Amino acid sequence: MPLNRRKFLKKSAVTGAGVALAGAAAAPAAEAAEAGSRPAKPAKRYSLTVMGTTDLHGHIFNWDYFKDAEYTDKAGNAQGLARISTLVNQVREEKGRCNTLLLDAGDTIQGTPLTYYYAKVDPITAPGGPVHPMAQAMNAIGYDAVALGNHEFNYGIETLRKFEEQCRFPLLGANAVDAKTLKPAFPPYFIKTFRVPGAPPVRVAVLGLTNPGIAIWDKAYVQGKLVFPGLEEQAAKWVPKLKSMGADVVVVSAHSGSSGTSSYGDQLPYVENAAAHVARQVPDIDAILVGHAHVEIPELKVTNDRTGRTVVLSEPLAYAERLSLFDIELVFGRGRWAVESVSSKVLNSNAVADDPKITKLLKADHDIVVEYVNQVVGTATGTLTTVEARYKDAPIIDLITTVQEDVVKAALAGTEYASVPVIAQASPFSRTSEIPAGDVTIRDLSSLYVYDNTLVAKLMTGAQIRAYLEYSAEYFVQTAAGAPVEVDKLTNANGRPDYNYDYVSGLSYDIDIAQAAGSRIKNLTYNGAALDDAQKFVLAVNNYRANGGGAFPHVASATELWSESTEIRTRIAEWVTAKGVLNPADFASVDWKLTRNGTPVF
């Protein structure tokens, strides 16, 4: 049966039968017998392997639902839990299943049309509803514990609790606490006991930590219900408890990157990517499975400031492209087990085939979703693409802003804000999205808007919008007039991702990339006249940005006039379905361009 919060107090340890791996090394010299006595017995040893995935985002098969084809990329990666299952089986065969642990570091139930379908179209929360495909797959593979990711909250707490109920493993979140009682709302930890013949058992504790940014990104669902303290303070609280309970090994599964940075600026007093901080600040942690950042870290060694001991971190690539492996060696001496060494690496899922057990289990669910996303909802008069959308005003992004403007205008009709001009933001999420000429399907539109964001209306001034645009323009690399322009080197200044660059519709402006950041927005006008700093606007903005994602100025603190729970992706599909024909004449406009000292770049 699933281990959930209600059962946590009754059952916090799972016992597994372990097999000792004998070693031939001698006992430490301090424990050696006096000279002349018989030789000391070899020390008892035990080898444990911890496997880990993270940021699976609903990837079960090596399939691109947006392209209706097998997933491929230039690096030759493969995706999906079906591949991971094969790797896990190989490791268990090599090490002995009873000497392994399988963990995940979160972001499980959001990210593909598969997960959207079972959250919204045929929801798991409906009476007699289906079992979530991710629960089915992870149960079948035999996960031991999974940390909560921030995207677990995207569909609301009811969906998350239903998923939790369907899982035969605990969802861990020591720093996801009840807003009123400040007690854990999910199991903080999981303990597994490994039997060792001729020696005491080895007890392995797994502490789960999630991301404080949930309080911002999914504010609509969690405000007043859950709070999310920092990872460091909660690890400092729980690790000593786990050691006092007899844990010989402490592993942290953390939905938090290792960089020490935060995308939400100073809106929260807690660090978003805090895994390395935890390793440095909290003693007695042996290994950390890292998530959230979508980067590959085979092995990162961090020295604990207080003990001088090395903590090993590993982050497998997202979407089930990699499996992290921690090999932990223990030695028994002075009446206790001690961790002697930890090493880690990643295995590439492109090296194996799908596990036929997972294929058989979930092909029917997959096929249903493939049929759903291939539904035709309209026709396009020409091809629309995001290929140049990062540095040119592309009609395909104007489609998003037009839909958002129309939805917000309709929502505010008849209110005191009905006469306030509505403008909208949108980001070039994908560099490969394309809506082809001819039939337009749900998958075409879904590929344009890959996140499950919802729409919010915020009241802002002209001055605030100007500052917002200046901040957005920091995305471009400063490029002197006359210098050669290479589009691949023009964007993502200081590592800023594409999803943190915004168009704003309804205004006209230039971005002068020859200028220093903060002085790039030129010729900013509304209705042909210079923008009045005091004028009021309604900004139609996605909930991620509205709640502070990306740390854009003013928007998080601006007055909220309206919001909804319907995904922007769904609104786009509704708009196209109602129009029947997708014609750029109905939505495209050139609102901005890149310049250098006033001369257009393109």
# chains A, B, ... in the order shown; residues from 1 in each chain; ligands from 1
call {"tool": "closest_atom_pairs", "arguments": {"of": "region 365-420 of chain A", "to": "region 518-539 of chain A", "cutoff": "10 Å", "atoms": "only C-alpha atoms", "output": "Markdown table"}}
result
| residue | atom | partner | partner_atom | distance |
| --- | --- | --- | --- | --- |
| A:Gln404 | CA | A:Leu539 | CA | 9.4 |
| A:Glu405 | CA | A:Leu539 | CA | 8.4 |
| A:Val408 | CA | A:Val538 | CA | 8.6 |
| A:Lys409 | CA | A:Val538 | CA | 9.2 |
| A:Leu412 | CA | A:Val538 | CA | 9.8 |
| A:Tyr417 | CA | A:Val538 | CA | 8.2 |
| A:Ala418 | CA | A:Val538 | CA | 9.6 |
| A:Ser419 | CA | A:Phe537 | CA | 9.7 |
| A:Val420 | CA | A:Phe537 | CA | 5.9 |
call {"tool": "write_last_selection", "arguments": {"atoms": "C-alpha atoms", "output": "mmCIF file, in the first residue's frame"}}
result
data_model
loop_
_atom_site.group_PDB
_atom_site.id
_atom_site.type_symbol
_atom_site.label_atom_id
_atom_site.label_comp_id
_atom_site.auth_asym_id
_atom_site.auth_seq_id
_atom_site.Cartn_x
_atom_site.Cartn_y
_atom_site.Cartn_z
ATOM 1 C CA GLN A 404 -4.061 36.532 -23.661
ATOM 2 C CA GLU A 405 -5.283 40.043 -24.462
ATOM 3 C CA VAL A 408 -8.379 39.290 -20.201
ATOM 4 C CA LYS A 409 -10.486 41.880 -22.049
ATOM 5 C CA LEU A 412 -12.728 42.510 -17.312
ATOM 6 C CA TYR A 417 -11.108 48.306 -15.445
ATOM 7 C CA ALA A 418 -12.864 47.620 -18.760
ATOM 8 C CA SER A 419 -11.520 50.846 -20.284
ATOM 9 C CA VAL A 420 -7.894 50.332 -19.158
#
call {"tool": "residues_around", "arguments": {"residues": "Ala174 (chain A)", "least_positions_apart": "3", "cutoff": "6 Å", "atoms": "only C-alpha atoms", "output": "PyMOL selection string"}}
result
chain A and resi 188+208-209
call {"tool": "write_last_selection", "arguments": {"atoms": "C-alpha atoms", "output": "PDB file, in the first residue's frame"}}
result
ATOM      1  CA  PRO A 188       9.980  14.210   5.826  1.00  0.00           C
ATOM      2  CA  GLY A 208      13.418  14.680   1.071  1.00  0.00           C
ATOM      3  CA  LEU A 209      13.630  18.426   0.455  1.00  0.00           C
TER       4      LEU A 209
END
call {"tool": "residues_around", "arguments": {"residues": "region 360-376 of chain A", "least_positions_apart": "6", "cutoff": "9 Å", "atoms": "only C-alpha atoms", "output": "CSV table (one decimal) with N, CA and C atoms, in the first residue's frame"}}
result
chain,number,residue,atom,x,y,z
A,60,ILE,N,7.7,8.8,-20.1
A,60,ILE,CA,7.7,7.4,-19.9
A,60,ILE,C,8.4,6.7,-21.1
A,61,PHE,N,8.1,7.2,-22.3
A,61,PHE,CA,8.6,6.6,-23.5
A,61,PHE,C,9.5,7.6,-24.2
A,65,TYR,N,5.7,14.0,-28.1
A,65,TYR,CA,4.3,14.2,-28.4
A,65,TYR,C,4.1,15.4,-29.3
A,66,PHE,N,5.0,16.4,-29.2
A,66,PHE,CA,4.8,17.6,-30.0
A,66,PHE,C,5.1,17.4,-31.5
A,68,ASP,N,5.1,14.1,-32.7
A,68,ASP,CA,4.5,12.9,-33.1
A,68,ASP,C,5.5,11.9,-33.7
A,113,PRO,N,2.2,16.2,-22.7
A,113,PRO,CA,0.8,16.0,-22.9
A,113,PRO,C,0.2,14.8,-22.2
A,114,LEU,N,1.1,13.8,-21.9
A,114,LEU,CA,0.7,12.6,-21.1
A,114,LEU,C,0.2,13.0,-19.7
A,117,TYR,N,-2.9,15.3,-19.8
A,117,TYR,CA,-4.2,14.5,-20.1
A,117,TYR,C,-4.7,13.9,-18.8
A,133,PRO,N,-0.3,7.4,-15.0
A,133,PRO,CA,0.8,6.6,-15.7
A,133,PRO,C,2.1,6.7,-15.0
A,136,GLN,N,1.9,4.4,-12.1
A,136,GLN,CA,2.0,3.0,-12.6
A,136,GLN,C,3.5,2.6,-12.9
A,137,ALA,N,4.1,3.5,-13.7
A,137,ALA,CA,5.5,3.2,-14.1
A,137,ALA,C,6.5,3.1,-12.9
A,140,ALA,N,5.9,0.1,-10.8
A,140,ALA,CA,6.4,-1.2,-11.5
A,140,ALA,C,7.9,-1.3,-11.4
A,439,ASP,N,-3.6,21.8,-41.8
A,439,ASP,CA,-4.3,21.3,-40.5
A,439,ASP,C,-3.4,21.7,-39.3
A,440,VAL,N,-4.1,22.2,-38.3
A,440,VAL,CA,-3.5,22.6,-37.0
A,440,VAL,C,-4.1,21.7,-35.9
A,441,THR,N,-3.2,21.0,-35.2
A,441,THR,CA,-3.6,20.1,-34.2
A,441,THR,C,-3.3,20.6,-32.8
A,442,ILE,N,-3.8,19.9,-31.8
A,442,ILE,CA,-3.6,20.3,-30.4
A,442,ILE,C,-2.1,20.2,-30.1
A,443,ARG,N,-1.4,19.2,-30.7
A,443,ARG,CA,0.0,19.1,-30.4
A,443,ARG,C,0.8,20.2,-31.0
A,444,ASP,N,0.4,20.7,-32.2
A,444,ASP,CA,1.1,21.9,-32.8
A,444,ASP,C,1.0,23.1,-31.8
A,446,SER,N,0.3,22.9,-28.6
A,446,SER,CA,0.9,22.6,-27.3
A,446,SER,C,2.4,22.8,-27.4
A,577,THR,N,-9.7,27.1,-32.4
A,577,THR,CA,-10.9,26.4,-32.7
A,577,THR,C,-12.1,27.3,-33.1
call {"tool": "residues_around", "arguments": {"residues": "Ala215 (chain A)", "least_positions_apart": "3", "cutoff": "9 Å", "atoms": "only C-alpha atoms", "output": "PyMOL selection string"}}
result
chain A and resi 211-212+218-223+226-228+268+547
call {"tool": "write_last_selection", "arguments": {"atoms": "C-alpha atoms", "output": "PDB file, in the first residue's frame"}}
result
ATOM      1  CA  ASN A 211      11.941  23.961  -3.465  1.00  0.00           C
ATOM      2  CA  PRO A 212      10.984  27.111  -1.536  1.00  0.00           C
ATOM      3  CA  ASP A 218       2.129  28.030  -7.287  1.00  0.00           C
ATOM      4  CA  LYS A 219       0.913  30.703  -4.906  1.00  0.00           C
ATOM      5  CA  ALA A 220      -2.700  30.255  -6.038  1.00  0.00           C
ATOM      6  CA  TYR A 221      -2.734  26.663  -4.813  1.00  0.00           C
ATOM      7  CA  VAL A 222      -0.561  26.780  -1.687  1.00  0.00           C
ATOM      8  CA  GLN A 223      -1.066  30.219  -0.116  1.00  0.00           C
ATOM      9  CA  LEU A 226       1.463  25.203   2.912  1.00  0.00           C
ATOM     10  CA  VAL A 227       4.717  27.030   3.548  1.00  0.00           C
ATOM     11  CA  PHE A 228       8.172  26.080   2.332  1.00  0.00           C
ATOM     12  CA  LEU A 268      12.033  34.872  -0.620  1.00  0.00           C
ATOM     13  CA  ASN A 547       4.135  35.449  -8.951  1.00  0.00           C
TER      14      ASN A 547
END
call {"tool": "select_by_dssp", "arguments": {"residues": "region 92-148 of chain A", "states": "alpha helix (DSSP H)", "output": "ChimeraX atom specification"}}
result
/A:92-95,113-116,133-141
call {"tool": "closest_atom_pairs", "arguments": {"of": "region 425-489 of chain A", "to": "region 391-401 of chain A", "cutoff": "9 Å", "atoms": "only C-alpha atoms", "output": "tab-separated table"}}
result
residue	atom	partner	partner_atom	distance
A:Gln425	CA	A:Thr401	CA	6.1
A:Ala426	CA	A:Thr401	CA	6.1
A:Ser427	CA	A:Ile397	CA	7.3
A:Pro428	CA	A:Ile397	CA	6.8
A:Glu434	CA	A:Ile396	CA	8.4
A:Ile435	CA	A:Ile396	CA	8.2
A:Leu448	CA	A:Ile396	CA	8.1
A:Tyr449	CA	A:Ile400	CA	8.3
A:Phe476	CA	A:Tyr391	CA	8.6
A:Val487	CA	A:Tyr391	CA	7.7
call {"tool": "write_last_selection", "arguments": {"atoms": "all heavy atoms", "output": "compact mmCIF listing (two decimals), in the first residue's frame"}}
result
# COMPACT_ATOMS: atom_id res chain seq x y z
N GLN A 425 2.29 39.86 -22.15
CA GLN A 425 3.66 39.35 -22.28
C GLN A 425 3.63 37.91 -22.76
O GLN A 425 2.66 37.18 -22.54
CB GLN A 425 4.42 39.44 -20.95
CG GLN A 425 3.88 38.57 -19.81
CD GLN A 425 4.21 37.09 -19.86
OE1 GLN A 425 3.32 36.25 -19.66
NE2 GLN A 425 5.46 36.76 -20.10
N ALA A 426 4.69 37.52 -23.41
CA ALA A 426 4.89 36.11 -23.78
C ALA A 426 6.37 35.89 -24.03
O ALA A 426 7.10 36.83 -24.37
CB ALA A 426 4.07 35.74 -25.02
N SER A 427 6.80 34.66 -23.85
CA SER A 427 8.22 34.32 -24.01
C SER A 427 8.40 33.30 -25.13
O SER A 427 7.51 32.48 -25.38
CB SER A 427 8.77 33.72 -22.71
OG SER A 427 8.59 34.59 -21.62
N PRO A 428 9.55 33.32 -25.80
CA PRO A 428 9.85 32.29 -26.81
C PRO A 428 10.34 31.02 -26.12
O PRO A 428 11.54 30.77 -26.01
CB PRO A 428 10.94 32.95 -27.66
CG PRO A 428 11.64 33.87 -26.71
CD PRO A 428 10.61 34.35 -25.74
N GLU A 434 6.72 24.70 -34.35
CA GLU A 434 6.24 25.07 -35.68
C GLU A 434 4.76 24.72 -35.82
O GLU A 434 4.34 23.63 -35.44
CB GLU A 434 7.04 24.33 -36.76
CG GLU A 434 6.60 24.67 -38.18
CD GLU A 434 7.45 23.97 -39.23
OE1 GLU A 434 8.61 24.38 -39.39
OE2 GLU A 434 6.95 23.02 -39.87
N ILE A 435 4.00 25.66 -36.32
CA ILE A 435 2.62 25.40 -36.71
C ILE A 435 2.62 25.37 -38.22
O ILE A 435 2.82 26.40 -38.88
CB ILE A 435 1.67 26.48 -36.17
CG1 ILE A 435 1.70 26.51 -34.64
CG2 ILE A 435 0.24 26.24 -36.67
CD1 ILE A 435 0.89 27.65 -34.02
N LEU A 448 3.92 25.06 -28.91
CA LEU A 448 4.18 26.50 -28.80
C LEU A 448 4.21 26.93 -27.34
O LEU A 448 5.01 27.80 -26.95
CB LEU A 448 3.09 27.27 -29.55
CG LEU A 448 3.07 28.80 -29.40
CD1 LEU A 448 4.37 29.39 -29.90
CD2 LEU A 448 1.89 29.37 -30.16
N TYR A 449 3.34 26.34 -26.51
CA TYR A 449 3.28 26.73 -25.11
C TYR A 449 3.47 25.47 -24.26
O TYR A 449 2.53 24.77 -23.94
CB TYR A 449 1.95 27.41 -24.78
CG TYR A 449 2.09 28.43 -23.67
CD1 TYR A 449 2.03 29.79 -23.94
CD2 TYR A 449 2.33 28.03 -22.37
CE1 TYR A 449 2.19 30.73 -22.94
CE2 TYR A 449 2.50 28.96 -21.36
CZ TYR A 449 2.44 30.32 -21.65
OH TYR A 449 2.62 31.23 -20.65
N PHE A 476 19.85 40.13 -23.87
CA PHE A 476 20.72 40.25 -25.04
C PHE A 476 22.15 40.60 -24.63
O PHE A 476 22.38 41.39 -23.72
CB PHE A 476 20.17 41.30 -26.00
CG PHE A 476 18.86 40.91 -26.61
CD1 PHE A 476 17.66 41.43 -26.12
CD2 PHE A 476 18.80 39.99 -27.64
CE1 PHE A 476 16.45 41.05 -26.65
CE2 PHE A 476 17.58 39.59 -28.18
CZ PHE A 476 16.41 40.12 -27.69
N VAL A 487 23.79 35.17 -34.42
CA VAL A 487 22.54 35.03 -33.67
C VAL A 487 22.68 34.04 -32.51
O VAL A 487 22.01 34.18 -31.49
CB VAL A 487 21.37 34.62 -34.59
CG1 VAL A 487 21.05 35.75 -35.57
CG2 VAL A 487 21.66 33.32 -35.33
call {"tool": "residues_around", "arguments": {"residues": "Gly149 (chain A)", "least_positions_apart": "2", "cutoff": "8 Å", "atoms": "only C-alpha atoms", "output": "CSV table (one decimal) with N, CA and C atoms, in the first residue's frame"}}
result
chain,number,residue,atom,x,y,z
A,55,ASP,N,13.5,15.1,-12.3
A,55,ASP,CA,12.9,15.9,-13.3
A,55,ASP,C,12.4,15.1,-14.5
A,105,ALA,N,14.3,12.8,-7.4
A,105,ALA,CA,14.4,14.1,-6.8
A,105,ALA,C,13.3,15.1,-7.2
A,106,GLY,N,12.2,14.6,-7.8
A,106,GLY,CA,11.0,15.5,-8.0
A,106,GLY,C,10.8,16.0,-9.4
A,107,ASP,N,9.6,16.6,-9.6
A,107,ASP,CA,9.1,17.1,-10.9
A,107,ASP,C,8.7,15.9,-11.7
A,108,THR,N,7.6,15.3,-11.3
A,108,THR,CA,7.2,14.0,-11.9
A,108,THR,C,6.0,14.1,-12.7
A,147,ALA,N,11.3,12.6,-3.8
A,147,ALA,CA,11.1,14.0,-3.2
A,147,ALA,C,10.1,14.8,-4.0
A,151,HIS,N,6.9,21.3,-9.6
A,151,HIS,CA,5.9,21.1,-10.5
A,151,HIS,C,4.8,20.1,-10.1
A,152,GLU,N,5.1,19.4,-9.0
A,152,GLU,CA,4.1,18.5,-8.4
A,152,GLU,C,2.8,19.3,-8.0
A,153,PHE,N,3.0,20.6,-7.8
A,153,PHE,CA,1.9,21.4,-7.3
A,153,PHE,C,1.2,22.2,-8.4
A,210,THR,N,12.2,19.9,-0.8
A,210,THR,CA,11.6,20.5,-2.0
A,210,THR,C,12.0,21.9,-2.2
A,211,ASN,N,11.5,22.6,-3.1
A,211,ASN,CA,11.9,24.0,-3.5
A,211,ASN,C,11.1,25.1,-2.8
A,255,HIS,N,15.1,18.6,-4.4
A,255,HIS,CA,14.6,19.3,-5.6
A,255,HIS,C,15.1,20.7,-5.6
A,292,HIS,N,16.0,19.7,-10.1
A,292,HIS,CA,15.5,21.0,-10.4
A,292,HIS,C,16.2,21.8,-11.5
call {"tool": "select_by_dssp", "arguments": {"residues": "region 127-175 of chain A", "states": "strand (DSSP E)", "output": "list of chain:residue names"}}
result
A:Ala145, A:Val146, A:Ala147, A:Leu171, A:Leu172
call {"tool": "atom_distance", "arguments": {"atom1": "CA of Asp355 (chain A)", "atom2": "CA of Ala82 (chain A)"}}
result
5.2 Å
call {"tool": "residues_around", "arguments": {"residues": "Thr86 (chain A)", "least_positions_apart": "4", "cutoff": "9 Å", "atoms": "only C-alpha atoms", "output": "PDB file with N, CA, C and O atoms, in the first residue's frame"}}
result
ATOM      1  N   LEU A  81      11.150   6.655 -18.776  1.00  0.00           N
ATOM      2  CA  LEU A  81      11.290   5.695 -17.685  1.00  0.00           C
ATOM      3  C   LEU A  81      11.424   4.266 -18.172  1.00  0.00           C
ATOM      4  O   LEU A  81      11.977   3.414 -17.461  1.00  0.00           O
ATOM      5  N   ALA A  82      10.914   3.968 -19.361  1.00  0.00           N
ATOM      6  CA  ALA A  82      11.064   2.609 -19.878  1.00  0.00           C
ATOM      7  C   ALA A  82      12.541   2.267 -20.064  1.00  0.00           C
ATOM      8  O   ALA A  82      12.963   1.132 -19.813  1.00  0.00           O
ATOM      9  N   GLN A  90      19.535  -3.722 -14.690  1.00  0.00           N
ATOM     10  CA  GLN A  90      20.934  -4.123 -14.851  1.00  0.00           C
ATOM     11  C   GLN A  90      21.731  -3.887 -13.575  1.00  0.00           C
ATOM     12  O   GLN A  90      22.532  -4.739 -13.164  1.00  0.00           O
ATOM     13  N   VAL A  91      21.514  -2.748 -12.950  1.00  0.00           N
ATOM     14  CA  VAL A  91      22.235  -2.443 -11.709  1.00  0.00           C
ATOM     15  C   VAL A  91      21.826  -3.411 -10.607  1.00  0.00           C
ATOM     16  O   VAL A  91      22.666  -3.915  -9.846  1.00  0.00           O
ATOM     17  N   SER A 349      20.815   6.610 -20.621  1.00  0.00           N
ATOM     18  CA  SER A 349      19.709   5.733 -21.003  1.00  0.00           C
ATOM     19  C   SER A 349      19.688   5.431 -22.496  1.00  0.00           C
ATOM     20  O   SER A 349      18.934   4.559 -22.942  1.00  0.00           O
ATOM     21  N   VAL A 352      20.575   1.618 -23.753  1.00  0.00           N
ATOM     22  CA  VAL A 352      19.718   0.442 -23.554  1.00  0.00           C
ATOM     23  C   VAL A 352      18.395   0.622 -24.291  1.00  0.00           C
ATOM     24  O   VAL A 352      18.057   1.714 -24.738  1.00  0.00           O
ATOM     25  N   ALA A 353      17.646  -0.476 -24.375  1.00  0.00           N
ATOM     26  CA  ALA A 353      16.314  -0.455 -24.981  1.00  0.00           C
ATOM     27  C   ALA A 353      15.252  -0.309 -23.898  1.00  0.00           C
ATOM     28  O   ALA A 353      15.520  -0.469 -22.701  1.00  0.00           O
ATOM     29  N   ASP A 354      14.023  -0.014 -24.315  1.00  0.00           N
ATOM     30  CA  ASP A 354      12.913   0.062 -23.367  1.00  0.00           C
ATOM     31  C   ASP A 354      12.702  -1.283 -22.679  1.00  0.00           C
ATOM     32  O   ASP A 354      12.886  -2.346 -23.295  1.00  0.00           O
ATOM     33  N   ASP A 355      12.298  -1.231 -21.435  1.00  0.00           N
ATOM     34  CA  ASP A 355      11.906  -2.430 -20.703  1.00  0.00           C
ATOM     35  C   ASP A 355      10.530  -2.863 -21.223  1.00  0.00           C
ATOM     36  O   ASP A 355       9.555  -2.116 -21.097  1.00  0.00           O
ATOM     37  N   PRO A 356      10.412  -4.060 -21.807  1.00  0.00           N
ATOM     38  CA  PRO A 356       9.112  -4.476 -22.364  1.00  0.00           C
ATOM     39  C   PRO A 356       8.003  -4.536 -21.323  1.00  0.00           C
ATOM     40  O   PRO A 356       6.825  -4.394 -21.669  1.00  0.00           O
TER      41      PRO A 356
END
call {"tool": "closest_atom_pairs", "arguments": {"of": "region 233-329 of chain A", "to": "region 550-569 of chain A", "cutoff": "12 Å", "atoms": "only C-alpha atoms", "output": "Markdown table"}}
result
| residue | atom | partner | partner_atom | distance |
| --- | --- | --- | --- | --- |
| A:Thr261 | CA | A:Gly550 | CA | 11.9 |
| A:Ser262 | CA | A:Gly550 | CA | 8.9 |
| A:Ser263 | CA | A:Gly550 | CA | 5.2 |
| A:Tyr264 | CA | A:Ala551 | CA | 4.5 |
| A:Gly265 | CA | A:Ala551 | CA | 5.4 |
| A:Asp266 | CA | A:Ala551 | CA | 8.2 |
| A:Gln267 | CA | A:Ala551 | CA | 7.9 |
| A:Leu268 | CA | A:Ala551 | CA | 10.7 |
| A:Glu272 | CA | A:Gly550 | CA | 11.8 |
call {"tool": "residues_around", "arguments": {"residues": "Asp104 (chain A)", "least_positions_apart": "2", "cutoff": "6 Å", "atoms": "only C-alpha atoms", "output": "ChimeraX atom specification"}}
result
/A:52-54,106,146
call {"tool": "write_last_selection", "arguments": {"atoms": "C-alpha atoms", "output": "mmCIF file, in the first residue's frame"}}
result
data_model
loop_
_atom_site.group_PDB
_atom_site.id
_atom_site.type_symbol
_atom_site.label_atom_id
_atom_site.label_comp_id
_atom_site.auth_asym_id
_atom_site.auth_seq_id
_atom_site.Cartn_x
_atom_site.Cartn_y
_atom_site.Cartn_z
ATOM 1 C CA GLY A 52 18.554 8.275 -8.672
ATOM 2 C CA THR A 53 16.519 10.076 -11.302
ATOM 3 C CA THR A 54 15.075 13.574 -11.305
ATOM 4 C CA GLY A 106 11.020 15.459 -8.034
ATOM 5 C CA VAL A 146 10.556 10.366 -4.267
#
call {"tool": "closest_residue", "arguments": {"among": "A:Ala185, A:Ala585, A:Ala176, A:Ala338", "to": "Ala43 (chain A)", "atoms": "only C-alpha atoms"}}
result
A:Ala338
call {"tool": "decode", "arguments": {"residues": "region 337-391 of chain A", "atoms": "C-alpha atoms", "output": "PDB file, in the first residue's frame"}}
result
ATOM      1  CA  TRP A 337      28.923   1.112  10.750  1.00  0.00           C
ATOM      2  CA  ALA A 338      30.843   4.030   9.254  1.00  0.00           C
ATOM      3  CA  VAL A 339      30.797   5.333   5.689  1.00  0.00           C
ATOM      4  CA  GLU A 340      34.268   4.807   4.309  1.00  0.00           C
ATOM      5  CA  SER A 341      33.800   6.218   0.820  1.00  0.00           C
ATOM      6  CA  VAL A 342      31.173   7.525  -1.605  1.00  0.00           C
ATOM      7  CA  SER A 343      31.542   7.903  -5.349  1.00  0.00           C
ATOM      8  CA  SER A 344      29.020   8.704  -8.049  1.00  0.00           C
ATOM      9  CA  LYS A 345      28.548   8.602 -11.796  1.00  0.00           C
ATOM     10  CA  VAL A 346      25.723   8.735 -14.326  1.00  0.00           C
ATOM     11  CA  LEU A 347      24.522   6.091 -16.752  1.00  0.00           C
ATOM     12  CA  ASN A 348      23.140   7.098 -20.156  1.00  0.00           C
ATOM     13  CA  SER A 349      19.709   5.733 -21.003  1.00  0.00           C
ATOM     14  CA  ASN A 350      20.542   5.823 -24.722  1.00  0.00           C
ATOM     15  CA  ALA A 351      22.705   2.740 -24.169  1.00  0.00           C
ATOM     16  CA  VAL A 352      19.718   0.442 -23.554  1.00  0.00           C
ATOM     17  CA  ALA A 353      16.314  -0.455 -24.981  1.00  0.00           C
ATOM     18  CA  ASP A 354      12.913   0.062 -23.367  1.00  0.00           C
ATOM     19  CA  ASP A 355      11.906  -2.430 -20.703  1.00  0.00           C
ATOM     20  CA  PRO A 356       9.112  -4.476 -22.364  1.00  0.00           C
ATOM     21  CA  LYS A 357       7.351  -4.714 -18.995  1.00  0.00           C
ATOM     22  CA  ILE A 358       6.872  -0.929 -18.930  1.00  0.00           C
ATOM     23  CA  THR A 359       5.905  -0.845 -22.615  1.00  0.00           C
ATOM     24  CA  LYS A 360       3.201  -3.446 -22.062  1.00  0.00           C
ATOM     25  CA  LEU A 361       1.940  -1.712 -18.933  1.00  0.00           C
ATOM     26  CA  LEU A 362       1.560   1.781 -20.379  1.00  0.00           C
ATOM     27  CA  LYS A 363       1.279   1.615 -24.163  1.00  0.00           C
ATOM     28  CA  ALA A 364      -2.529   1.930 -24.032  1.00  0.00           C
ATOM     29  CA  ASP A 365      -2.312   5.150 -21.959  1.00  0.00           C
ATOM     30  CA  HIS A 366       0.334   6.499 -24.323  1.00  0.00           C
ATOM     31  CA  ASP A 367      -1.763   5.700 -27.422  1.00  0.00           C
ATOM     32  CA  ILE A 368      -4.782   7.524 -25.985  1.00  0.00           C
ATOM     33  CA  VAL A 369      -2.709  10.668 -25.543  1.00  0.00           C
ATOM     34  CA  VAL A 370      -1.184  10.401 -29.024  1.00  0.00           C
ATOM     35  CA  GLU A 371      -4.713  10.299 -30.469  1.00  0.00           C
ATOM     36  CA  TYR A 372      -5.756  13.270 -28.306  1.00  0.00           C
ATOM     37  CA  VAL A 373      -2.891  15.556 -29.338  1.00  0.00           C
ATOM     38  CA  ASN A 374      -3.402  14.789 -33.029  1.00  0.00           C
ATOM     39  CA  GLN A 375      -6.938  16.181 -33.053  1.00  0.00           C
ATOM     40  CA  VAL A 376      -7.322  18.870 -35.741  1.00  0.00           C
ATOM     41  CA  VAL A 377      -8.709  22.145 -34.355  1.00  0.00           C
ATOM     42  CA  GLY A 378      -8.219  24.475 -37.319  1.00  0.00           C
ATOM     43  CA  THR A 379      -6.192  25.321 -40.407  1.00  0.00           C
ATOM     44  CA  ALA A 380      -3.257  27.705 -40.882  1.00  0.00           C
ATOM     45  CA  THR A 381      -2.818  29.885 -43.956  1.00  0.00           C
ATOM     46  CA  GLY A 382       0.967  29.595 -43.699  1.00  0.00           C
ATOM     47  CA  THR A 383       3.765  28.123 -41.611  1.00  0.00           C
ATOM     48  CA  LEU A 384       4.526  29.795 -38.272  1.00  0.00           C
ATOM     49  CA  THR A 385       7.773  29.065 -36.469  1.00  0.00           C
ATOM     50  CA  THR A 386       9.791  30.093 -33.404  1.00  0.00           C
ATOM     51  CA  VAL A 387      13.183  29.647 -35.111  1.00  0.00           C
ATOM     52  CA  GLU A 388      13.955  33.404 -35.049  1.00  0.00           C
ATOM     53  CA  ALA A 389      11.633  34.361 -32.189  1.00  0.00           C
ATOM     54  CA  ARG A 390      14.449  35.083 -29.727  1.00  0.00           C
ATOM     55  CA  TYR A 391      15.741  38.073 -31.684  1.00  0.00           C
TER      56      TYR A 391
END
